[in-house]
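Since the structure comes first, as structure tokens, the remarks are kept for the end.
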Amino acid sequence: MTPEEKLAELGFTLTKRESALPFMALGKITGNLLYLSGATPPAGWVGRVGEVYTVEQGYEAARLTGYAQLEMAWSILGDLGRIKQVVKLLGMVNCAPGFVDTPKVMHGCSELYLEVLGEKGKHARSAVGLQALPGNVPIEIETIFEIEV
Amino acid sequence: MTPEEKLAELGFTLTKRESALPFMALGKITGNLLYLSGATPPAGWVGRVGEVYTVEQGYEAARLTGYAQLEMAWSILGDLGRIKQVVKLLGMVNCAPGFVDTPKVMHGCSELYLEVLGEKGKHARSAVGLQALPGNVPIEIETIFEIEV
Amino acid sequence: MTPEEKLAELGFTLTKRESALPFMALGKITGNLLYLSGATPPAGWVGRVGEVYTVEQGYEAARLTGYAQLEMAWSILGDLGRIKQVVKLLGMVNCAPGFVDTPKVMHGCSELYLEVLGEKGKHARSAVGLQALPGNVPIEIETIFEIEV
């Protein structure tokens with residue numbers, strides 16, 4: 001099964017994205033690395049984890065944000081089969097002071113990558129808590145992929 | 001027009017920088033990537049965006065910090081013409097809790113890169129809100145460049 | 001003296017680490033770059049710098065976290081002699097609002113790298129303040145190394 005088929009099976013429909021800003025790209029390719037811009041959950045997710053959202057809801061937001069990153073990669077690459085491995089994730093959780101479960105939130109993204117990409121989806125990761133994110137979304141994630149060129 | 005000429009036209013005078021700490025470098029080159037250390041605005045910028053500074057002032061701080069990153073790259077490379085593309089920016093805004101406009105602040109840096117480097121200045125980016133920055137400056141930015149080696 | 005011998009002289013005993021999570025790796029190698037997952041101090045370090053911990057204690061936590069990163073690199077590489085250079089550190093300090101000394105805290109990691117790896121230990125770096133870290137640890141650090149392949 002291809003990553004695109006796996007995403008469809010999980011209920012995700014890929015839609016091509018484009019950067020809305022003249023100075024930004026969804027991601028940049030250098031050599032065989034693809035650095036994505038940070039992604040956030042779809043419209044409607046507003047508020048901090050540990051205040052507005054539970055850890056379980058944060059996990060769901062992270063899963064949707066992981067999907068957004070895959071959609072961005074697909075928009076750039078045309079084919080998720082070109083991903084050789086996920087190198088590194090930075091997961092930034094918008095959370096209440098003293099919130100301790102940023103890793104449990106980020107598992108939502110990490111587990112989606114493993115489901116969709118198999119062993120290639122395994123990655124290095126940091127999962128940390130931030131003061132504020134654009135539009136007060138609960139999470140922002142950025143990924144570095146190694147790709148076929 | 002070279003990037004250096006463009007910077008001069010915009011009123012920025014390049015001055016060679018050196019790292020003041022024995023264990024740090026302004027940036028490190030590996031292969032054809034240049035990873036810069038984080039830069040902050042010039043002396044005098046102290047306080048959070050959304051408290052001490054407005055979004056517009058934060059934009060100006062981001063522009064000055066983008067200039068600082070270009071000055072660091074120039075100090076290392078000797079010639080900004082060696083920049084093949086800007087790969088990725090991480091913009092970290094020191095802001096009040098609940099601040100939602102971190103992207104509008106970071107546009108100050110992004111737009112400077114586009115003005116100075118043209119199409120090569122387009123980049124992947126995250127723009128997020130932090131709890132604290134060194135010396136309580138309003139913004140810190142780090143850039144990855146692809147360069148001619 | 002090898003980096004392993006230097007670590008032993010400083011009182012650090014290397015113990016092989018493995019990732020406890022099926023979707024995560026201690027670090028990923030792509031080309032001649034090693035991207036490590038974020039590391040935190042050993043068990044028992046709980047609380048923010050500037051509240052529970054002083055800057056000096058934060059420095060010690062950063063030194064221990066730098067050691068954790070070297071232990072992770074050693075677990076992956078088998079030999080710290082394969083490190084050609086430290087490229088970049090991101091130091092994330094869990095701190096009180098308005099805390100200004102994140103660099104002084106991160107020096108604990110940076111100075112350890114210089115002691116253990118000599119000139120190869122010099123690096124680009126950002127040292128910033130976060131709202132929350134996993135388990136409320138005082139610091140998390142992630143490192144990019146250039147390695148012999």
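For the structure tokens, the naming scheme is as follows: chains receive sequential letters (A, B, ...) according to their order of presentation, residues are indexed from 1 within each chain, and ligands are indexed from 1 in presentation order.
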So which residues touch Thr102 in chain C within 8 Å, counting only C-alpha atoms, skipping near sequence neighbours fewer than 3 positions away, as an mmCIF file with C-alpha atoms, in the first residue's frame?
data_model
loop_
_atom_site.group_PDB
_atom_site.id
_atom_site.type_symbol
_atom_site.label_atom_id
_atom_site.label_comp_id
_atom_site.auth_asym_id
_atom_site.auth_seq_id
_atom_site.Cartn_x
_atom_site.Cartn_y
_atom_site.Cartn_z
ATOM 1 C CA LEU B 133 14.831 35.257 25.402
ATOM 2 C CA PRO B 134 18.415 36.262 26.292
ATOM 3 C CA VAL C 93 15.333 26.385 29.103
ATOM 4 C CA PHE C 99 14.187 35.166 32.867
ATOM 5 C CA VAL C 105 22.495 28.209 31.519
ATOM 6 C CA MET C 106 23.338 26.727 28.111
ATOM 7 C CA ALA C 127 19.537 29.415 23.868
ATOM 8 C CA VAL C 128 15.944 30.327 24.544
ATOM 9 C CA GLY C 129 13.281 30.203 27.267
#
Expected answer as number ranges by chain: strand (DSSP E or B) residues in range 4-144 of chain B: B: 24, 27-30, 33-36, 39, 49, 53, 83-95, 123-130, 132, 139-144
Between chain A and chain C, at 6 Å or less, what are the per-residue closest atom pairs and their distances in Å? Count only C-alpha atoms, order by chain and rising residue number, and return it as JSON lines.
{"residue": "A:Val87", "atom": "CA", "partner": "C:Lys28", "partner_atom": "CA", "distance": 5.6}
{"residue": "A:Pro97", "atom": "CA", "partner": "C:Gln131", "partner_atom": "CA", "distance": 5.8}
{"residue": "A:Gly98", "atom": "CA", "partner": "C:Ala132", "partner_atom": "CA", "distance": 5.7}
{"residue": "A:Phe99", "atom": "CA", "partner": "C:Ala132", "partner_atom": "CA", "distance": 5.9}
{"residue": "A:Val100", "atom": "CA", "partner": "C:Gly135", "partner_atom": "CA", "distance": 4.5}
{"residue": "A:Asp101", "atom": "CA", "partner": "C:Pro134", "partner_atom": "CA", "distance": 5.8}
{"residue": "A:Thr102", "atom": "CA", "partner": "C:Pro134", "partner_atom": "CA", "distance": 5.7}
{"residue": "A:Leu114", "atom": "CA", "partner": "C:Phe23", "partner_atom": "CA", "distance": 5.9}
{"residue": "A:Lys122", "atom": "CA", "partner": "C:Phe23", "partner_atom": "CA", "distance": 4.7}
{"residue": "A:His123", "atom": "CA", "partner": "C:Met24", "partner_atom": "CA", "distance": 5.0}
{"residue": "A:Ala124", "atom": "CA", "partner": "C:Ser37", "partner_atom": "CA", "distance": 4.5}
{"residue": "A:Arg125", "atom": "CA", "partner": "C:Ser37", "partner_atom": "CA", "distance": 4.6}
{"residue": "A:Ser126", "atom": "CA", "partner": "C:Gly38", "partner_atom": "CA", "distance": 4.8}
{"residue": "A:Val128", "atom": "CA", "partner": "C:Leu133", "partner_atom": "CA", "distance": 5.1}
{"residue": "A:Gly129", "atom": "CA", "partner": "C:Ala132", "partner_atom": "CA", "distance": 4.3}
{"residue": "A:Leu130", "atom": "CA", "partner": "C:Gln131", "partner_atom": "CA", "distance": 5.0}
{"residue": "A:Gln131", "atom": "CA", "partner": "C:Gln131", "partner_atom": "CA", "distance": 5.4}
Straight-line distance linking CA of Thr15 in chain B with CA of Glu71 in chain B, stated in Å to one decimal: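 A separation of 7.0 Å between them.
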Tyr113 in chain C surroundings by only C-alpha atoms, 10 Å radius, close-in-sequence under 6 positions cut, as a list in words: Phe23 of chain B; Pro3, Arg63, Gly66, Tyr67, Gln69, Leu70, Val86, His107, Glu119, Lys120, Gly121, Lys122 and His123 of chain C
